[in-house]
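Below: input.cif (mmCIF, C-alpha atoms (C1' of nucleotides))
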```
data_start
loop_
_atom_site.label_atom_id
_atom_site.label_comp_id
_atom_site.auth_asym_id
_atom_site.auth_seq_id
_atom_site.Cartn_x
_atom_site.Cartn_y
_atom_site.Cartn_z
CA MET M 235 -13.44 172.03 83.75
CA ASN M 236 -10.70 174.21 82.35
CA LEU M 237 -12.52 175.80 79.42
CA ALA M 238 -9.44 177.17 77.66
CA VAL M 239 -7.56 173.88 77.66
CA THR M 240 -10.64 171.86 76.75
CA LEU M 241 -11.25 174.02 73.68
CA SER M 242 -7.63 174.34 72.59
CA CYS M 243 -6.17 170.87 73.17
CA GLY M 244 -6.70 169.64 69.62
CA GLN M 245 -9.99 167.73 69.88
CA CYS M 246 -11.98 170.50 68.16
CA PHE M 247 -10.96 173.14 65.66
CA ARG M 248 -13.60 175.88 65.65
CA PHE M 249 -13.14 177.84 68.88
CA SER M 250 -10.93 180.79 69.71
CA GLN M 251 -10.64 183.37 72.45
CA ASP M 252 -11.25 187.07 71.79
CA GLN M 253 -9.57 190.06 73.42
CA ASP M 254 -12.23 190.25 76.13
CA GLY M 255 -11.51 186.69 77.21
CA TYR M 256 -14.65 185.19 75.69
CA TRP M 257 -14.50 181.88 73.85
CA ASN M 258 -16.37 181.96 70.56
CA GLY M 259 -17.14 179.31 68.00
CA ILE M 260 -19.69 177.05 66.39
CA ALA M 261 -20.50 173.41 67.10
CA GLY M 262 -22.65 171.03 65.10
CA ILE M 263 -23.93 170.50 61.59
CA LYS M 264 -25.27 173.35 59.47
CA GLY M 265 -28.96 173.82 60.19
CA SER M 266 -28.68 172.62 63.76
CA GLU M 267 -25.51 174.44 64.78
CA HIS M 268 -24.95 176.13 68.14
CA ARG M 269 -22.91 179.27 68.67
CA LEU M 270 -20.74 179.57 71.77
CA HIS M 271 -19.91 182.86 73.48
CA THR M 272 -18.73 182.29 77.02
CA ARG M 273 -16.05 182.70 79.66
CA GLN M 274 -14.54 180.40 82.25
CA CYS M 275 -16.51 182.17 85.00
CA ASP M 276 -19.82 181.56 83.15
CA GLN M 277 -19.46 177.80 83.33
CA ARG M 278 -22.68 177.40 85.29
CA ALA M 279 -24.67 178.68 82.30
CA LEU M 280 -23.06 176.06 80.06
CA GLU M 281 -23.95 173.34 82.51
CA ASP M 282 -27.58 174.52 82.59
CA ASP M 283 -27.96 174.63 78.80
CA PRO M 284 -29.20 171.32 77.32
CA PHE M 285 -26.90 171.39 74.28
CA TRP M 286 -23.71 172.53 75.94
CA HIS M 287 -24.36 170.30 78.94
CA HIS M 288 -23.96 167.29 76.68
CA TYR M 289 -21.27 168.89 74.49
CA PHE M 290 -18.98 169.47 77.47
CA SER M 291 -19.84 166.02 78.85
CA PHE M 292 -21.41 167.18 82.08
CA ASP M 293 -23.50 164.01 81.74
CA ARG M 294 -20.45 161.90 82.56
CA ASP M 295 -18.85 161.26 85.93
CA TYR M 296 -15.55 163.09 85.67
CA GLU M 297 -14.92 162.75 89.39
CA ALA M 298 -14.76 158.98 88.96
CA ILE M 299 -12.71 159.25 85.76
CA GLU M 300 -10.11 161.56 87.27
CA SER M 301 -9.91 159.43 90.37
CA ASP M 302 -9.23 156.39 88.18
CA LEU M 303 -6.44 158.21 86.34
CA ARG M 304 -4.80 159.49 89.52
CA GLY M 305 -1.96 157.55 91.08
CA ARG M 306 -1.30 155.32 88.07
CA PHE M 307 1.75 157.12 86.72
CA GLU M 308 3.80 160.02 88.02
CA ILE M 309 4.00 161.66 84.62
CA LEU M 310 0.23 161.49 84.17
CA ASP M 311 -0.36 163.08 87.60
CA LYS M 312 2.13 165.75 86.64
CA ALA M 313 0.38 166.43 83.34
CA MET M 314 -3.04 166.62 85.01
CA ASP M 315 -1.70 169.03 87.64
CA ALA M 316 -0.09 171.24 85.02
CA VAL M 317 -2.98 171.31 82.55
CA GLY M 318 -6.20 171.58 84.58
CA GLN M 319 -9.32 169.54 83.97
CA ILE M 320 -9.88 168.61 80.33
CA ARG M 321 -13.31 167.42 79.25
CA ILE M 322 -13.53 165.11 76.26
CA LEU M 323 -16.13 166.87 74.11
CA SER M 324 -19.21 165.05 72.80
CA GLN M 325 -19.07 166.31 69.24
CA ASP M 326 -21.30 165.43 66.34
CA PRO M 327 -19.91 162.19 64.86
CA TRP M 328 -19.89 163.43 61.26
CA GLU M 329 -18.28 166.74 62.21
CA THR M 330 -15.66 164.78 64.13
CA LEU M 331 -15.02 162.33 61.33
CA GLY M 332 -14.86 165.04 58.65
CA SER M 333 -12.58 167.26 60.71
CA PHE M 334 -10.15 164.48 61.49
CA ILE M 335 -10.07 163.30 57.88
CA LEU M 336 -8.63 166.76 57.24
CA SER M 337 -6.15 166.37 60.11
CA GLN M 338 -3.91 163.79 58.50
CA ASN M 339 -0.27 164.71 57.89
CA ASN M 340 -1.20 168.24 58.92
CA ASN M 341 -0.77 170.66 61.82
CA ILE M 342 -3.48 172.00 64.11
CA LYS M 343 -3.17 175.61 62.99
CA ARG M 344 -3.70 174.70 59.37
CA ILE M 345 -6.48 172.20 60.18
CA ARG M 346 -8.35 175.05 61.87
CA GLY M 347 -8.07 177.18 58.76
CA MET M 348 -9.23 174.39 56.48
CA VAL M 349 -12.26 173.54 58.66
CA GLU M 350 -13.17 177.24 58.88
CA ARG M 351 -13.07 177.64 55.08
CA LEU M 352 -15.14 174.49 54.70
CA CYS M 353 -17.80 175.78 57.11
CA ARG M 354 -18.07 179.28 55.61
CA GLY M 355 -19.13 180.93 58.86
CA SER M 356 -21.86 178.45 59.73
CA GLY M 357 -22.14 174.90 61.02
CA PHE M 358 -20.10 172.02 59.63
CA PRO M 359 -21.51 171.00 56.22
CA SER M 360 -23.59 167.83 56.17
CA ALA M 361 -22.34 164.85 54.19
CA GLU M 362 -25.04 165.53 51.62
CA GLU M 363 -23.94 169.13 51.18
CA ILE M 364 -20.32 168.09 50.67
CA VAL M 365 -21.31 165.59 48.00
CA GLN M 366 -23.33 168.29 46.24
CA CYS M 367 -20.51 170.86 46.35
CA LYS M 368 -17.67 168.67 45.11
CA ASP M 369 -16.05 171.42 43.04
CA PHE M 370 -16.04 173.82 46.01
CA LEU M 371 -13.98 171.31 48.00
CA CYS M 372 -11.09 171.67 45.54
CA THR M 373 -10.91 175.45 45.97
CA ILE M 374 -10.20 175.75 49.71
CA GLY M 375 -6.70 174.31 49.99
CA LEU M 376 -7.38 170.90 51.49
CA GLY M 377 -4.48 169.34 49.60
CA PHE M 378 -4.74 165.63 48.90
CA ARG M 379 -7.41 165.33 51.62
CA ASP M 380 -10.24 166.68 49.48
CA LYS M 381 -10.84 163.29 47.86
CA TYR M 382 -10.84 161.58 51.27
CA LEU M 383 -13.44 164.01 52.63
CA TYR M 384 -15.56 163.57 49.53
CA CYS M 385 -15.44 159.78 49.75
CA GLY M 386 -16.31 159.89 53.44
CA ALA M 387 -19.26 162.16 52.75
CA ALA M 388 -20.39 159.92 49.88
CA SER M 389 -20.27 156.83 52.11
CA ILE M 390 -22.48 158.57 54.67
CA ALA M 391 -24.85 160.13 52.13
CA GLN M 392 -25.32 156.83 50.28
CA GLY M 393 -25.97 155.01 53.53
CA LYS M 394 -22.94 152.72 53.17
CA LEU M 395 -21.99 153.80 56.66
CA ASP M 396 -24.64 154.69 59.23
CA LEU M 397 -22.99 156.79 61.92
CA LYS M 398 -26.04 156.46 64.18
CA ALA M 399 -25.67 152.68 64.10
CA LEU M 400 -22.12 152.94 65.45
CA SER M 401 -23.41 153.78 68.91
CA THR M 402 -25.00 150.35 69.18
CA MET M 403 -21.83 148.51 68.12
CA SER M 404 -18.87 147.38 70.17
CA THR M 405 -15.88 149.69 69.91
CA GLU M 406 -14.03 147.17 67.73
CA GLU M 407 -16.98 146.79 65.36
CA ALA M 408 -17.44 150.55 65.13
CA ARG M 409 -13.72 151.01 64.43
CA LYS M 410 -13.85 148.47 61.60
CA ALA M 411 -16.93 150.12 60.14
CA LEU M 412 -15.29 153.55 60.16
CA MET M 413 -12.16 152.18 58.51
CA THR M 414 -14.16 150.93 55.52
CA ILE M 415 -14.11 154.55 54.33
CA TYR M 416 -11.40 155.42 51.82
CA GLY M 417 -9.06 157.80 53.66
CA VAL M 418 -9.98 156.67 57.18
CA GLY M 419 -7.33 154.64 58.97
CA PRO M 420 -6.79 153.72 62.64
CA LYS M 421 -5.95 157.25 63.85
CA VAL M 422 -8.93 159.04 62.26
CA ALA M 423 -11.27 156.22 63.31
CA ASP M 424 -10.01 156.42 66.89
CA CYS M 425 -10.46 160.20 67.05
CA THR M 426 -14.04 159.77 65.86
CA LEU M 427 -14.68 157.08 68.47
CA LEU M 428 -13.26 159.21 71.28
CA TYR M 429 -14.42 162.74 70.45
CA GLY M 430 -17.63 161.84 68.62
CA LEU M 431 -18.87 158.62 70.20
CA GLY M 432 -17.63 158.91 73.77
CA ARG M 433 -15.47 155.78 73.72
CA TYR M 434 -13.10 156.90 76.46
CA GLU M 435 -11.03 153.71 76.31
CA VAL M 436 -9.82 154.54 72.81
CA CYS M 437 -6.39 156.17 72.59
CA PRO M 438 -5.61 157.85 69.25
CA MET M 439 -1.91 157.46 68.41
CA ASP M 440 -0.50 160.40 66.50
CA VAL M 441 3.15 161.38 66.19
CA TRP M 442 3.04 163.13 69.58
CA MET M 443 1.51 160.19 71.44
CA LYS M 444 4.04 157.84 69.86
CA ARG M 445 6.76 160.07 71.31
CA VAL M 446 4.97 160.11 74.68
CA MET M 447 4.71 156.33 74.89
CA GLU M 448 8.33 155.97 73.83
CA ALA M 449 9.77 158.64 76.14
CA TRP M 450 7.59 158.25 79.26
CA PHE M 451 6.18 154.71 79.15
CA ASN M 452 9.15 152.69 77.95
CA GLY M 453 7.49 152.04 74.60
CA GLU M 454 4.53 150.24 76.17
CA SER M 455 1.11 149.93 74.57
CA PRO M 456 -1.36 152.69 75.49
CA SER M 457 -3.69 150.07 76.95
CA ILE M 458 -1.64 150.29 80.16
CA LEU M 459 -3.33 153.69 80.67
CA GLY M 460 -6.49 151.84 81.65
CA PRO M 461 -10.22 152.07 80.83
CA TYR M 462 -9.96 155.84 80.34
CA ALA M 463 -6.87 155.73 78.12
CA GLY M 464 -8.44 158.27 75.77
CA VAL M 465 -8.82 160.82 78.55
CA ALA M 466 -5.28 160.17 79.75
CA GLN M 467 -4.12 160.55 76.17
CA GLN M 468 -5.61 164.04 75.99
CA TYR M 469 -3.63 165.18 79.04
CA LEU M 470 -0.41 163.59 77.82
CA PHE M 471 -0.85 164.91 74.28
CA HIS M 472 -1.43 168.45 75.51
CA TYR M 473 1.36 168.29 78.09
CA ALA M 474 3.87 166.95 75.57
CA ARG M 475 3.06 169.82 73.23
CA MET M 476 3.28 172.30 76.11
CA ILE M 477 6.82 171.30 77.00
CA ASP M 478 7.72 170.61 73.34
CA LEU M 479 8.68 166.97 73.84
CA LYS M 480 10.99 165.79 71.05
"C1'" DC W 76 16.75 175.47 50.68
"C1'" DC W 77 15.32 172.16 54.34
"C1'" DC W 78 11.95 169.66 57.60
"C1'" DC W 79 7.59 168.84 59.86
"C1'" DA W 80 2.61 168.46 60.71
"C1'" DG W 81 -3.26 164.81 65.57
"C1'" DG W 82 -2.05 159.70 58.38
"C1'" DG W 83 -3.37 156.69 54.94
"C1'" DC W 84 -2.78 154.40 50.47
"C1'" DA W 85 -0.40 151.68 47.14
"C1'" DG W 86 3.20 148.84 46.11
"C1'" DG W 87 6.82 146.01 47.35
"C1'" DT W 88 9.05 142.52 50.29
"C1'" DA G 198 2.62 141.52 58.74
"C1'" DC G 199 6.05 145.15 57.99
"C1'" DC G 200 8.47 148.71 55.12
"C1'" DT G 201 8.87 152.69 51.91
"C1'" DG G 202 7.55 156.52 48.86
"C1'" DC G 203 4.13 159.46 47.99
"C1'" DC G 204 0.45 162.54 48.62
"C1'" DA G 205 -0.66 169.09 48.89
"C1'" DT G 206 0.25 172.90 51.59
"C1'" DG G 207 1.79 176.31 54.92
"C1'" DG G 208 4.88 177.40 58.83
"C1'" DG G 209 9.25 177.24 61.16
#
```
What does the file become when written as structure tokens?
Amino acid sequence: MNLAVTLSCGQCFRFSQDQDGYWNGIAGIKGSEHRLHTRQCDQRALEDDPFWHHYFSFDRDYEAIESDLRGRFEILDKAMDAVGQIRILSQDPWETLGSFILSQNNNIKRIRGMVERLCRGSGFPSAEEIVQCKDFLCTIGLGFRDKYLYCGAASIAQGKLDLKALSTMSTEEARKALMTIYGVGPKVADCTLLYGLGRYEVCPMDVWMKRVMEAWFNGESPSILGPYAGVAQQYLFHYARMIDLK
DNA sequence: CCCCAGGGCAGGT
DNA sequence: ACCTGCCATGGG
């Protein structure tokens, strides 16, 4: 795993590197959050920790996944060579959903700031907490997204959507269920499925990935990327941003 | 001043 | 089913 790329490729928003080379940040919901303080060379400790083992998806067979992605497309091989191994993180589903509700029509730098203000130095607020602190939401510069986040939180808190139940559904069913939330469309649902529910076949299509498919795949559908299209997407997304694909 | 950003909704055709 | 304007806000 390349720790730096994994934590800075746009699937999570709460980690940054300090001057000593350590990666710091918080994962999980307030009350059960975990604080990270680690370096690339300390990867073994992450693998041995129960929480981070799952968070960095050491419980999945990345050898098989990478081998499936190799040799399909020249540009994908090139991206994987240039980027280093990315792990798709296994994030808390509500943290993922809430964060990506804030991501719409926005840039990663500003998303990071918004999520940080929302979390106030601790774990990501639970849906219940967000419903209770409605007025606070309007004071932290979320723009038009504050009402979407509130509605999402309300749906969870009222039990209209049971995120736990999504794991027993087919990907299509889970996607439909997520999109019943006001403010959650295909892109936000897909990010939740990939980064929060481990559905590696799901390929979120943002403005960058639309450019990628147009420029490098002759406008084809992302399904040609195969059963791990979501993993491929992460390499292509990051590589396109690296070389500033227009 | 302009345009863009890990989109989605509402309204029209 | 597809198209367009609009939504707040900060950075380039």
Evaluate the PyMOL selection byres ((chain W) within 8 of (chain M)) and report residues as a list in words: DA80, DG81, DG82, DG83 and DC84 of chain W
Residues selected by the PyMOL selection byres ((chain M) within 9 of (chain G)), written as a ChimeraX atom specification: /M:340,344,375-379
Gap from atom CA of Glu363 of chain M to atom CA of Gly386 of chain M - Å, one decimal: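 Between atom CA of Glu363 of chain M and atom CA of Gly386 of chain M the gap works out to 12.2 Å.
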Box centre and edge lengths (Å, one decimal), axis-aligned, segment 280-285 of chain M plus 4 Å each side, as AutoDock Vina command-line options:
```
--center_x -26.1 --center_y 173.7 --center_z 78.4 --size_x 14.1 --size_y 12.7 --size_z 16.3
```
Atomic separation - atom CA of Asp424 of chain M relative to atom C1' of DA85 of chain W, Å: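 A separation of 22.5 Å between them.
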The PyMOL selection byres ((chain M and resi 398) around 12) resolved against shown file, as a list in words: Asp326, Pro327, Trp328, Ile390, Gly393, Leu395, Asp396, Leu397, Ala399, Leu400, Ser401, Thr402, Met403, Ala408, Ala411, Leu412, Gly430 and Leu431 of chain M
Pairwise distance for atom CA of Gly332 of chain M and atom CA of Trp257 of chain M, rounded to one decimal in Å: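 So the two atoms, atom CA of Gly332 of chain M and atom CA of Trp257 of chain M, lie 22.7 Å apart.
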Close residues, Ile320 of chain M itself excluded, 12 Å, all atoms listed in the file, min 5 positions apart in chain, as a ChimeraX atom specification: /M:235-245,290-292,296-297,299-300,313-315,464-473
Given only C-alpha atoms as the counted atoms, nearest of M:His287, M:Gln251, M:Ala298, M:Phe451 to Arg273 of chain M: M:Gln251
